[in-house]
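**Student:** Below is my_file.cif; it holds mmCIF, C-alpha atoms.
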```cif
data_upload
loop_
_atom_site.label_atom_id
_atom_site.label_comp_id
_atom_site.auth_asym_id
_atom_site.auth_seq_id
_atom_site.Cartn_x
_atom_site.Cartn_y
_atom_site.Cartn_z
CA MET A 1 0.00 0.00 0.00
CA ARG A 2 3.05 2.26 0.01
CA TYR A 3 2.17 3.89 -3.30
CA TYR A 4 -1.52 4.51 -2.79
CA LEU A 5 -1.03 7.88 -1.14
CA ILE A 6 0.80 8.92 -4.28
CA VAL A 7 -2.09 7.56 -6.35
CA ILE A 8 -4.66 9.58 -4.47
CA SER A 9 -2.65 12.78 -4.70
CA LEU A 10 -1.99 12.25 -8.40
CA LEU A 11 -5.67 11.65 -9.04
CA ALA A 12 -6.51 14.86 -7.23
CA ILE A 13 -3.95 16.79 -9.29
CA VAL A 14 -5.16 15.32 -12.57
CA LEU A 15 -8.84 15.82 -11.88
CA GLY A 16 -8.11 19.33 -10.69
CA SER A 17 -6.26 20.12 -13.90
CA CYS A 18 -9.07 18.84 -16.11
CA THR A 19 -10.98 22.09 -15.89
CA ASN A 20 -9.60 23.72 -19.01
CA GLY A 21 -11.15 26.89 -20.33
CA ASN A 22 -13.88 26.63 -22.94
CA ARG A 23 -13.70 30.02 -24.57
CA CYS A 24 -12.55 31.10 -27.98
CA TYR A 25 -9.23 32.94 -27.76
CA ASP A 26 -8.38 32.86 -31.48
CA SER A 27 -9.47 35.19 -34.23
CA VAL A 28 -12.11 33.86 -36.63
CA ASP A 29 -12.27 37.08 -38.69
CA THR A 30 -10.74 36.57 -42.09
CA LEU A 31 -10.08 39.97 -43.62
CA MET A 32 -8.02 41.06 -46.60
CA VAL A 33 -5.71 43.84 -45.44
CA SER A 34 -5.69 46.56 -48.12
CA SER A 35 -3.77 49.79 -48.40
CA PHE A 36 -5.03 52.79 -50.38
CA SER A 37 -2.98 55.61 -51.84
CA ILE A 38 -3.04 58.02 -54.79
CA ASN A 39 -0.07 58.05 -57.14
CA GLY A 40 2.06 61.19 -56.95
CA PHE A 41 1.83 61.63 -53.16
CA LYS A 42 -1.62 63.17 -53.35
CA SER A 43 -3.58 62.81 -50.12
CA ILE A 44 -6.82 60.87 -49.78
CA ASP A 45 -9.20 63.35 -48.14
CA SER A 46 -12.09 60.90 -47.94
CA LEU A 47 -12.49 57.17 -48.49
CA ILE A 48 -15.79 55.29 -48.50
CA VAL A 49 -15.85 51.57 -49.24
CA THR A 50 -18.96 49.41 -49.69
CA GLY A 51 -19.62 46.02 -51.18
CA VAL A 52 -21.04 45.84 -54.71
CA ASN A 53 -24.87 45.61 -54.54
CA ARG A 54 -24.82 46.57 -50.86
CA THR A 55 -26.69 49.84 -50.51
CA ASP A 56 -28.50 49.48 -47.20
CA THR A 57 -27.77 51.52 -44.12
CA GLY A 58 -24.91 49.90 -42.27
CA ASP A 59 -23.44 48.36 -45.41
CA THR A 60 -20.55 50.82 -45.48
CA LEU A 61 -17.29 49.07 -44.72
CA VAL A 62 -15.07 52.16 -44.52
CA ASN A 63 -16.04 55.79 -44.03
CA ASP A 64 -12.86 57.73 -43.40
CA ARG A 65 -12.88 61.51 -43.90
CA THR A 66 -9.46 62.36 -42.54
CA ALA A 67 -6.79 63.44 -45.03
CA THR A 68 -3.80 61.09 -45.18
CA LEU A 69 -1.39 59.94 -47.85
CA THR A 70 -2.04 56.25 -47.21
CA LYS A 71 -4.94 54.46 -45.63
CA ARG A 72 -5.06 50.84 -44.54
CA TYR A 73 -8.24 48.82 -43.95
CA PRO A 74 -9.19 45.15 -43.64
CA LEU A 75 -11.97 44.09 -46.06
CA PRO A 76 -14.14 40.93 -45.93
CA LEU A 77 -14.30 38.61 -48.92
CA SER A 78 -17.43 36.82 -50.11
CA LEU A 79 -18.41 33.48 -48.58
CA PHE A 80 -20.66 32.56 -51.51
CA ALA A 81 -19.01 33.59 -54.79
CA ASP A 82 -15.51 33.15 -56.18
CA SER A 83 -15.11 36.90 -56.55
CA THR A 84 -15.84 39.87 -54.33
CA GLY A 85 -16.63 43.37 -55.57
CA PHE A 86 -15.99 46.63 -53.72
CA ILE A 87 -17.03 50.18 -54.60
CA LEU A 88 -14.20 52.49 -53.62
CA ASN A 89 -15.08 56.14 -53.33
CA ALA A 90 -11.85 58.10 -52.90
CA ASN A 91 -12.02 61.90 -52.90
CA GLY A 92 -15.57 61.68 -54.33
CA VAL A 93 -14.61 59.51 -57.33
CA LYS A 94 -16.18 56.05 -57.49
CA ASP A 95 -14.25 53.01 -58.71
CA THR A 96 -15.00 49.32 -58.63
CA LEU A 97 -12.54 46.59 -57.71
CA TYR A 98 -13.23 42.87 -58.10
CA ILE A 99 -11.05 40.33 -56.31
CA ARG A 100 -11.13 36.76 -57.64
CA HIS A 101 -10.39 34.12 -55.00
CA LYS A 102 -10.67 30.51 -53.94
CA MET A 103 -12.14 29.82 -50.52
CA ILE A 104 -11.60 26.90 -48.19
CA ILE A 105 -13.35 26.51 -44.84
CA THR A 106 -10.70 25.75 -42.23
CA PHE A 107 -10.90 24.72 -38.62
CA VAL A 108 -9.51 27.25 -36.15
CA SER A 109 -9.96 25.61 -32.76
CA GLU A 110 -12.42 23.60 -30.73
CA PHE A 111 -14.07 26.60 -29.11
CA CYS A 112 -13.82 28.97 -32.09
CA GLY A 113 -15.02 26.67 -34.85
CA PHE A 114 -14.31 27.37 -38.49
CA ALA A 115 -13.20 30.36 -40.54
CA PRO A 116 -12.80 30.90 -44.28
CA ASN A 117 -9.33 31.00 -45.80
CA TYR A 118 -8.78 32.48 -49.26
CA VAL A 119 -6.19 32.52 -51.97
CA ILE A 120 -6.40 35.56 -54.26
CA SER A 121 -6.15 34.42 -57.86
CA GLY A 122 -6.74 37.64 -59.78
CA LEU A 123 -8.40 41.04 -59.91
CA ARG A 124 -10.21 43.48 -62.19
CA HIS A 125 -10.81 47.21 -61.69
CA THR A 126 -12.11 50.38 -63.32
CA ALA A 127 -9.89 53.08 -64.92
CA GLY A 128 -9.73 55.33 -61.84
CA ILE A 129 -7.52 52.75 -60.17
CA ASP A 130 -4.05 52.96 -61.62
CA SER A 131 -2.78 49.61 -60.33
CA VAL A 132 -3.27 46.99 -57.65
CA LYS A 133 -0.32 45.10 -56.25
CA ILE A 134 -0.88 41.73 -54.60
CA THR A 135 1.77 41.27 -51.91
CA ASP A 136 0.27 38.26 -50.12
CA ARG A 137 -2.25 36.05 -51.94
CA ARG A 138 -3.19 34.12 -48.79
CA VAL A 139 -5.94 35.71 -46.72
CA ASN A 140 -6.55 34.00 -43.40
CA THR A 141 -7.33 34.71 -39.76
CA LEU A 142 -3.75 35.90 -39.21
CA SER A 143 -3.82 38.50 -41.98
CA THR A 144 -5.05 41.27 -39.70
CA ALA A 145 -1.99 40.74 -37.51
CA LYS A 146 0.29 41.89 -40.32
CA ALA A 147 2.76 44.69 -39.62
CA THR A 148 1.58 48.22 -40.48
CA ASN A 149 3.72 48.35 -43.64
CA ASP A 150 2.51 44.94 -44.80
CA GLN A 151 -0.83 44.05 -46.46
CA ASN A 152 -2.48 41.59 -48.82
CA ILE A 153 -3.09 44.14 -51.58
CA SER A 154 -2.01 47.74 -52.27
CA ILE A 155 -4.42 49.87 -54.29
CA TYR A 156 -2.99 52.86 -56.14
CA PHE A 157 -5.56 55.36 -57.45
CA SER A 158 -4.80 57.39 -60.54
CA ALA A 159 -3.71 60.96 -59.68
CA ALA A 160 -5.40 62.33 -62.80
CA ALA A 161 -8.81 60.88 -61.87
CA HIS A 162 -8.63 61.88 -58.20
CA MET B 1 -16.08 -25.37 33.34
CA THR B 2 -16.53 -27.04 29.94
CA ARG B 3 -17.48 -23.68 28.46
CA ILE B 4 -14.28 -22.10 29.80
CA LEU B 5 -12.19 -24.95 28.33
CA VAL B 6 -13.89 -24.59 24.92
CA PHE B 7 -13.32 -20.82 25.05
CA ILE B 8 -9.62 -21.24 25.87
CA LEU B 9 -9.22 -23.85 23.10
CA ALA B 10 -10.91 -21.54 20.64
CA LEU B 11 -8.64 -18.67 21.67
CA LEU B 12 -5.59 -20.87 21.21
CA LEU B 13 -6.80 -21.94 17.75
CA ILE B 14 -7.45 -18.38 16.64
CA SER B 15 -4.14 -17.13 17.98
CA SER B 16 -2.34 -19.98 16.22
CA PHE B 17 -3.35 -18.80 12.73
CA PRO B 18 -0.92 -15.86 12.47
CA VAL B 19 1.83 -18.13 13.75
CA LEU B 20 0.97 -20.66 11.06
CA SER B 21 0.96 -18.01 8.39
CA GLN B 22 4.31 -16.64 9.57
CA THR B 23 5.99 -19.99 9.55
CA SER B 24 4.76 -20.94 6.05
CA LYS B 25 7.30 -18.91 4.04
CA PRO B 26 6.51 -18.30 0.38
CA VAL B 27 8.48 -20.66 -1.79
CA TRP B 28 7.32 -19.86 -5.29
CA ARG B 29 6.93 -16.62 -7.14
CA TYR B 30 3.97 -16.79 -9.51
CA GLU B 31 3.83 -14.57 -12.56
CA GLY B 32 2.07 -14.53 -15.88
CA PRO B 33 0.19 -12.44 -18.41
CA ARG B 34 -1.78 -9.62 -16.87
CA VAL B 35 -4.97 -8.43 -18.54
CA GLY B 36 -7.02 -5.46 -17.45
CA MET B 37 -9.26 -2.60 -18.29
CA ASP B 38 -8.61 1.12 -18.23
CA LEU B 39 -11.25 2.46 -15.82
CA SER B 40 -10.50 6.08 -16.65
CA ARG B 41 -12.18 5.60 -20.07
CA PHE B 42 -15.49 5.26 -18.22
CA LEU B 43 -14.94 8.69 -16.61
CA LEU B 44 -14.62 10.39 -20.01
CA PRO B 45 -18.37 11.11 -20.43
CA TYR B 46 -18.21 13.17 -17.23
CA LEU B 47 -15.14 15.22 -18.18
CA GLY B 48 -15.53 18.06 -20.64
CA THR B 49 -18.53 19.31 -22.53
CA ALA B 50 -18.51 16.90 -25.47
CA LYS B 51 -19.94 13.38 -25.49
CA ARG B 52 -16.94 11.11 -25.25
CA ASN B 53 -17.11 7.37 -24.68
CA GLY B 54 -14.69 4.54 -25.04
CA TRP B 55 -13.04 1.47 -23.68
CA GLU B 56 -9.50 0.21 -23.46
CA ILE B 57 -8.02 -3.20 -22.69
CA GLN B 58 -4.43 -3.43 -21.52
CA ALA B 59 -2.24 -6.52 -21.28
CA ASP B 60 1.34 -7.19 -20.34
CA ILE B 61 3.54 -10.18 -19.70
CA PRO B 62 6.68 -10.33 -17.56
CA TYR B 63 9.92 -10.83 -19.41
CA LYS B 64 13.11 -11.45 -17.44
CA GLY B 65 11.42 -10.25 -14.28
CA ASN B 66 11.52 -6.50 -14.70
CA LEU B 67 10.48 -5.96 -18.30
CA PHE B 68 6.84 -6.06 -19.36
CA PRO B 69 6.03 -6.12 -23.08
CA THR B 70 2.68 -4.40 -23.30
CA PHE B 71 -0.26 -4.33 -25.70
CA GLU B 72 -3.19 -1.95 -25.37
CA THR B 73 -6.21 -1.58 -27.61
CA GLY B 74 -9.42 0.40 -27.47
CA MET B 75 -12.13 2.37 -29.17
CA GLN B 76 -13.39 5.91 -28.80
CA TRP B 77 -16.53 7.75 -29.83
CA PHE B 78 -16.51 11.54 -29.77
CA ASP B 79 -19.47 13.77 -30.51
CA ASP B 80 -18.98 17.50 -30.03
CA LYS B 81 -21.93 19.78 -30.76
CA HIS B 82 -21.27 23.53 -30.79
CA THR B 83 -23.44 26.42 -31.92
CA ASN B 84 -21.45 26.81 -35.16
CA TYR B 85 -20.45 23.21 -35.96
CA HIS B 86 -21.07 19.58 -35.03
CA TYR B 87 -17.96 17.37 -35.01
CA LYS B 88 -17.88 13.58 -34.83
CA ASN B 89 -14.79 11.42 -34.53
CA ASN B 90 -14.87 7.64 -34.01
CA GLY B 91 -12.07 5.14 -34.19
CA THR B 92 -9.98 2.25 -32.98
CA TYR B 93 -6.43 2.29 -31.72
CA ALA B 94 -3.68 0.00 -30.49
CA ARG B 95 -0.42 0.54 -28.70
CA LEU B 96 2.58 -1.72 -28.47
CA GLY B 97 5.45 -1.14 -26.12
CA MET B 98 7.44 -2.07 -23.09
CA ASP B 99 7.41 -1.14 -19.42
CA MET B 100 10.46 -1.41 -17.21
CA ASN B 101 10.30 -1.81 -13.45
CA ILE B 102 12.51 0.72 -11.69
CA VAL B 103 12.11 -0.49 -8.09
CA LYS B 104 13.35 -3.60 -6.38
CA PHE B 105 10.99 -6.50 -5.65
CA GLU B 106 11.45 -7.11 -1.95
CA SER B 107 10.20 -10.66 -1.62
CA LEU B 108 8.93 -13.54 -3.69
CA LYS B 109 5.39 -12.36 -3.14
CA ASP B 110 6.10 -8.73 -3.88
CA HIS B 111 4.67 -7.85 -7.29
CA ASP B 112 4.25 -4.09 -6.75
CA PHE B 113 6.26 -2.11 -9.23
CA VAL B 114 6.87 1.39 -10.49
CA PHE B 115 7.65 1.63 -14.16
CA ILE B 116 8.70 3.78 -17.03
CA GLY B 117 7.73 2.74 -20.51
CA LEU B 118 7.55 3.49 -24.18
CA ARG B 119 4.72 2.92 -26.61
CA TYR B 120 4.13 3.08 -30.32
CA GLY B 121 0.51 3.90 -31.10
CA TYR B 122 -1.57 3.53 -34.26
CA SER B 123 -5.11 4.74 -34.72
CA VAL B 124 -7.63 4.37 -37.53
CA PHE B 125 -10.58 6.72 -37.31
CA ASN B 126 -13.18 8.74 -39.19
CA GLN B 127 -14.07 12.36 -38.75
CA GLN B 128 -17.08 14.24 -40.00
CA THR B 129 -18.31 17.80 -39.45
CA ASP B 130 -21.86 18.94 -40.01
CA SER B 131 -23.73 22.22 -39.55
CA ILE B 132 -20.67 24.42 -40.07
CA SER B 133 -21.79 28.02 -39.92
CA VAL B 134 -19.50 30.92 -40.85
CA SER B 135 -20.64 34.54 -40.94
CA ASN B 136 -19.21 37.82 -42.16
CA TYR B 137 -20.30 41.07 -43.90
CA TRP B 138 -21.59 39.10 -46.90
CA GLY B 139 -23.88 36.78 -44.91
CA THR B 140 -23.87 33.36 -43.30
CA HIS B 141 -22.45 30.37 -45.09
CA ASN B 142 -23.56 26.86 -44.05
CA SER B 143 -21.66 23.79 -45.09
CA SER B 144 -20.56 20.35 -43.95
CA LEU B 145 -17.51 18.16 -44.39
CA SER B 146 -18.20 14.56 -45.29
CA ARG B 147 -16.82 11.56 -43.42
CA HIS B 148 -13.08 11.32 -43.91
CA PRO B 149 -11.14 8.14 -43.03
CA MET B 150 -7.88 9.00 -41.31
CA SER B 151 -5.00 7.44 -39.41
CA ALA B 152 -2.43 8.61 -36.90
CA GLN B 153 0.78 7.33 -35.39
CA TRP B 154 2.44 8.49 -32.22
CA ALA B 155 4.94 7.64 -29.51
CA GLU B 156 4.24 7.67 -25.78
CA LEU B 157 6.38 8.09 -22.74
CA VAL B 158 4.78 6.35 -19.77
CA PHE B 159 5.33 6.55 -16.02
CA GLY B 160 3.19 4.64 -13.56
CA MET B 161 2.78 1.87 -11.06
CA LYS B 162 0.90 -1.35 -10.51
CA GLY B 163 0.23 -2.75 -7.07
CA GLU B 164 -1.28 -6.07 -6.05
CA LEU B 165 -4.53 -5.46 -4.16
CA MET B 166 -5.31 -9.13 -3.64
CA PRO B 167 -3.48 -12.19 -4.94
CA ASN B 168 -3.24 -11.73 -8.73
CA LEU B 169 -5.54 -8.69 -8.73
CA PHE B 170 -3.70 -5.46 -9.53
CA PHE B 171 -4.58 -1.79 -9.47
CA GLY B 172 -2.45 0.65 -11.39
CA TRP B 173 -2.18 4.07 -12.89
CA SER B 174 -0.04 5.70 -15.51
CA LEU B 175 0.77 9.18 -16.73
CA ARG B 176 1.44 9.44 -20.44
CA ALA B 177 3.04 12.11 -22.59
CA LYS B 178 2.12 11.65 -26.24
CA PHE B 179 4.11 12.62 -29.30
CA PRO B 180 2.05 12.40 -32.50
CA PHE B 181 4.36 12.18 -35.53
CA TYR B 182 1.92 11.35 -38.31
CA VAL B 183 -1.70 12.34 -38.93
CA THR B 184 -3.48 12.04 -42.29
CA LYS B 185 -3.72 15.48 -43.83
CA ASP B 186 -7.11 17.11 -44.09
CA ASN B 187 -7.18 20.56 -45.68
CA ASN B 188 -10.32 21.58 -43.81
CA ILE B 189 -9.84 20.24 -40.34
CA SER B 190 -6.89 18.75 -38.59
CA PRO B 191 -8.44 16.39 -35.99
CA TYR B 192 -8.47 18.00 -32.56
CA ILE B 193 -8.98 14.65 -30.94
CA ILE B 194 -7.39 11.36 -31.96
CA PRO B 195 -8.55 8.02 -30.51
CA GLY B 196 -5.75 6.77 -28.27
CA VAL B 197 -4.05 10.16 -28.09
CA GLY B 198 -6.75 12.47 -26.81
CA LYS B 199 -7.10 16.16 -27.53
CA THR B 200 -4.34 17.64 -29.65
CA GLY B 201 -5.52 21.25 -29.73
CA SER B 202 -3.08 23.01 -27.43
CA GLY B 203 0.31 21.88 -26.25
CA ARG B 204 1.57 18.38 -25.63
CA PRO B 205 -1.21 15.77 -25.26
CA PHE B 206 -1.13 14.20 -21.81
CA ASP B 207 -3.21 11.35 -20.52
CA PHE B 208 -3.87 9.67 -17.22
CA SER B 209 -5.14 6.14 -16.98
CA VAL B 210 -6.29 4.07 -14.03
CA GLY B 211 -6.76 0.37 -14.48
CA ILE B 212 -7.58 -2.87 -12.77
CA TYR B 213 -5.82 -6.03 -13.91
CA TYR B 214 -5.83 -9.76 -13.32
CA GLN B 215 -2.62 -11.74 -13.51
CA PHE B 216 -2.82 -15.33 -14.71
CA PRO B 217 -0.25 -17.07 -12.47
CA ILE B 218 1.05 -19.58 -14.99
CA PHE B 219 4.81 -19.16 -14.57
CA ARG B 220 6.56 -19.87 -11.30
CA SER B 221 10.08 -19.38 -10.10
CA LYS B 222 12.04 -19.48 -6.88
CA THR B 223 13.97 -16.32 -7.53
CA ILE B 224 13.29 -12.66 -7.04
CA PRO B 225 14.01 -10.79 -10.28
CA LYS B 226 17.19 -8.78 -10.09
CA PRO B 227 16.74 -5.05 -10.54
CA ILE B 228 17.89 -3.73 -13.89
CA LYS B 229 21.24 -2.02 -13.54
CA MET B 230 20.99 1.52 -14.85
CA GLY B 231 24.77 1.99 -15.18
CA GLY B 232 26.88 4.63 -13.48
CA ALA B 233 29.82 4.36 -11.13
CA LYS B 234 29.92 1.73 -8.42
CA HIS B 235 30.56 2.84 -4.88
CA PRO B 236 32.22 0.06 -2.92
CA GLY B 237 30.60 -0.71 0.36
CA LEU B 238 27.32 0.99 -0.31
CA ASN B 239 25.43 -2.14 -1.37
CA ASN B 240 26.94 -4.56 1.09
CA GLY B 241 24.35 -6.80 2.57
CA THR B 242 21.49 -5.72 0.35
CA ASP B 243 22.61 -7.61 -2.76
CA MET B 244 21.71 -10.84 -0.97
CA ASP B 245 18.06 -9.92 -1.40
CA ASN B 246 18.33 -10.43 -5.11
CA GLN B 247 20.43 -13.54 -5.36
CA GLY B 248 17.46 -15.79 -5.76
CA TYR B 249 17.53 -17.80 -2.55
CA GLY B 250 13.81 -17.49 -2.00
CA GLY B 251 11.80 -15.62 0.56
CA SER B 252 13.52 -17.10 3.56
CA GLN B 253 16.81 -15.52 2.55
CA SER B 254 15.58 -12.07 1.71
CA GLY B 255 16.46 -9.47 4.23
CA GLY B 256 13.95 -6.76 3.28
CA GLY B 257 11.42 -5.34 5.67
CA ARG B 258 8.58 -7.06 3.83
CA GLN B 259 9.90 -10.59 4.20
CA ASN B 260 6.78 -11.78 6.01
CA TYR B 261 4.40 -9.88 3.86
CA ASN B 262 1.63 -12.38 3.29
CA GLY B 263 -1.64 -10.81 3.97
CA ARG B 264 -2.80 -9.03 0.82
#
```
Show me, as structure tokens, the structure contained in the file I just sent.
**Tutor:**
Amino acid sequence: MRYYLIVISLLAIVLGSCTNGNRCYDSVDTLMVSSFSINGFKSIDSLIVTGVNRTDTGDTLVNDRTATLTKRYPLPLSLFADSTGFILNANGVKDTLYIRHKMIITFVSEFCGFAPNYVISGLRHTAGIDSVKITDRRVNTLSTAKATNDQNISIYFSAAAH
Amino acid sequence: MTRILVFILALLLISSFPVLSQTSKPVWRYEGPRVGMDLSRFLLPYLGTAKRNGWEIQADIPYKGNLFPTFETGMQWFDDKHTNYHYKNNGTYARLGMDMNIVKFESLKDHDFVFIGLRYGYSVFNQQTDSISVSNYWGTHNSSLSRHPMSAQWAELVFGMKGELMPNLFFGWSLRAKFPFYVTKDNNISPYIIPGVGKTGSGRPFDFSVGIYYQFPIFRSKTIPKPIKMGGAKHPGLNNGTDMDNQGYGGSQSGGGRQNYNGR
């Protein structure tokens, strides 16, 4: 019986340690981090971003009216289609940007569940956007943790149009 | 008068039993395959929020006294229903390995041992996820992932003990650290529970098992198994007198404090 005291104490320790937390501590928001700037160091005085065909109150994703050279916002991609459209209104000029992507539903953790992960495969935009640079094609729950000078895409508006 | 005589005779008879038991020294050491059940598997439904059931059979056999080749097999059913998904994982597993006694048997009848061990584990299981719900600005997307057959392999480091409660009936526990080294890839969901391993979500999987075992006493010997020498420098004089305990002379020669340990 010399070991049974150890048994009892071990049981107590193990049972006591079985009460693990059951909360979600991970991010389940998958957002494409995008930077906005106008070629030629022109400032963006206002930026309004909405989804294509989303005109209801509360559908505005970005409404920034402070003048800065570069703005940086995370944007959600569609869960239903293989492309997502955004209407970008910079300095009062409307442009449309379509992002083509592949989505895969991926498990995050037991208490957080699932989140979509995307791979950007292409894009299309109107003439007011000069160029779009894809710096990281993979959009996942860690994208929003990118450093301030890092993003998934960089959108450069045309100076002439804005 | 007759009553007093009968009473005294009865007293003498009763008092003679311990004397009898002390004089009948154990001569044989009985060993054999030990088969048991992991009782901790029956506690699983009461730990955690998910429905988790299973069973596990464990067996070992003594080899050269202090080594115990071990085989363990079991099944597990896991059903975890959350607000945004419903995960099911069912499977079978087996482990093969060896335990090594690290304490000295003190008499022929002493079968209590503390062990360290290694295991190789293999599991075959299925996982399925239904009612997956993901929401963002664009709406709520519902989907499910069909049943996916999977397998896993892992290594285990085991520490525990087994003690004889009654002749041939053992109680034991073990603590296990698990090291998964292969799991079938699934692009959608890496299994957060593996039958035989347990939850893999955060950190190193650990497990605790408590079992009850029966030893089939089919081998007998007159020697106490010698402890396994772990190496290291010898210090003359330190072991004088104690080595006799392990020379295999039988219980009457052993000098340990549990020489007359008969009543379990």
**Student:** Run the PyMOL selection byres ((chain A) within 6 of (chain B)) mentally over the shown coordinates, then write out the matched residues as a short mmCIF file (atom, residue, chain, number, x, y, z; two decimals) with C-alpha atoms, keeping the file's coordinate frame, using the chain letters and numbers from the document.
**Tutor:**
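expr_38.cif written:
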```cif
data_model
loop_
_atom_site.label_atom_id
_atom_site.label_comp_id
_atom_site.auth_asym_id
_atom_site.auth_seq_id
_atom_site.Cartn_x
_atom_site.Cartn_y
_atom_site.Cartn_z
CA SER A 78 -17.43 36.82 -50.11
CA ILE A 105 -13.35 26.51 -44.84
CA THR A 106 -10.70 25.75 -42.23
CA PHE A 107 -10.90 24.72 -38.62
#
```
**Student:** As a check of understanding, name the residues that the PyMOL selection byres ((chain A and resi 85) around 12) selects in the supplied structure, as a list of chain:residue names.
**Tutor:** A:Val49, A:Thr50, A:Gly51, A:Val52, A:Asn53, A:Arg54, A:Leu75, A:Pro76, A:Leu77, A:Ser78, A:Ala81, A:Asp82, A:Ser83, A:Thr84, A:Phe86, A:Ile87, A:Leu88, A:Asp95, A:Thr96, A:Leu97, A:Tyr98, A:Ile99, A:Arg100, A:His101, A:Leu123, A:Arg124, A:His125, A:Thr126, B:Trp138
**Student:** Rounded to one decimal place, report the CA of Val28 in chain A-CA of Thr57 in chain A distance in Å.
**Tutor:**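 So the two atoms, CA of Val28 in chain A and CA of Thr57 in chain A, lie 24.8 Å apart.
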**Student:** CA of Ser27 in chain A and CA of Ile153 in chain A, how far apart in Å?
**Tutor:** 20.5 Å
**Student:** Using the file's own x, y and z axes, so that the box edges lie along x, y and z, what centre and edge lengths in Å (one decimal) does a box around every listed atom of range 152-156 of chain B get when 4 Å is added on each side? Give it as lines of an AutoDock Vina configuration file.
**Tutor:**
```
center_x = 1.3
center_y = 8.0
center_z = -31.3
size_x = 15.4
size_y = 9.3
size_z = 19.1
```
**Student:** Would you work out the distance separating CA of Glu56 in chain B from CA of Pro195 in chain B, expressed in Å to one decimal?
**Tutor:**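 Between these atoms lies a distance of 10.6 Å.
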**Student:** Got a sec to check which residues sit within 8 Å of (-3.2, -12.5, -19.8), counting only C-alpha atoms, and write them as JSON, numbers by chain?
**Tutor:** {"B": [32, 33, 34, 35, 59, 60, 61, 214, 215, 216]}
**Student:** Supply range 94-105 of chain B as a CSV table (one decimal), in the coordinates of the input, with N, CA and C atoms built in where the input has gaps.
**Tutor:**
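Once everything was written out, this is rebuild-v2.csv:
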```csv
chain,number,residue,atom,x,y,z
B,94,ALA,N,-4.5,1.0,-31.2
B,94,ALA,CA,-3.7,0.0,-30.5
B,94,ALA,C,-2.3,0.6,-30.2
B,95,ARG,N,-1.8,0.1,-29.1
B,95,ARG,CA,-0.4,0.5,-28.7
B,95,ARG,C,0.4,-0.7,-28.4
B,96,LEU,N,1.7,-0.6,-28.7
B,96,LEU,CA,2.6,-1.7,-28.5
B,96,LEU,C,3.8,-1.1,-27.8
B,97,GLY,N,4.3,-1.7,-26.8
B,97,GLY,CA,5.4,-1.1,-26.1
B,97,GLY,C,6.0,-2.0,-25.0
B,98,MET,N,6.7,-1.4,-24.2
B,98,MET,CA,7.4,-2.1,-23.1
B,98,MET,C,7.5,-1.2,-21.8
B,99,ASP,N,7.2,-1.8,-20.7
B,99,ASP,CA,7.4,-1.1,-19.4
B,99,ASP,C,8.6,-1.7,-18.7
B,100,MET,N,9.3,-0.9,-17.9
B,100,MET,CA,10.5,-1.4,-17.2
B,100,MET,C,10.3,-1.0,-15.7
B,101,ASN,N,10.4,-2.0,-14.9
B,101,ASN,CA,10.3,-1.8,-13.4
B,101,ASN,C,11.5,-1.1,-13.0
B,102,ILE,N,11.3,0.0,-12.2
B,102,ILE,CA,12.5,0.7,-11.7
B,102,ILE,C,12.7,0.6,-10.2
B,103,VAL,N,11.9,-0.3,-9.5
B,103,VAL,CA,12.1,-0.5,-8.1
B,103,VAL,C,12.4,-2.0,-7.9
B,104,LYS,N,12.9,-2.2,-6.7
B,104,LYS,CA,13.4,-3.6,-6.4
B,104,LYS,C,12.2,-4.4,-5.8
B,105,PHE,N,12.0,-5.6,-6.3
B,105,PHE,CA,11.0,-6.5,-5.6
B,105,PHE,C,11.6,-7.0,-4.3
```
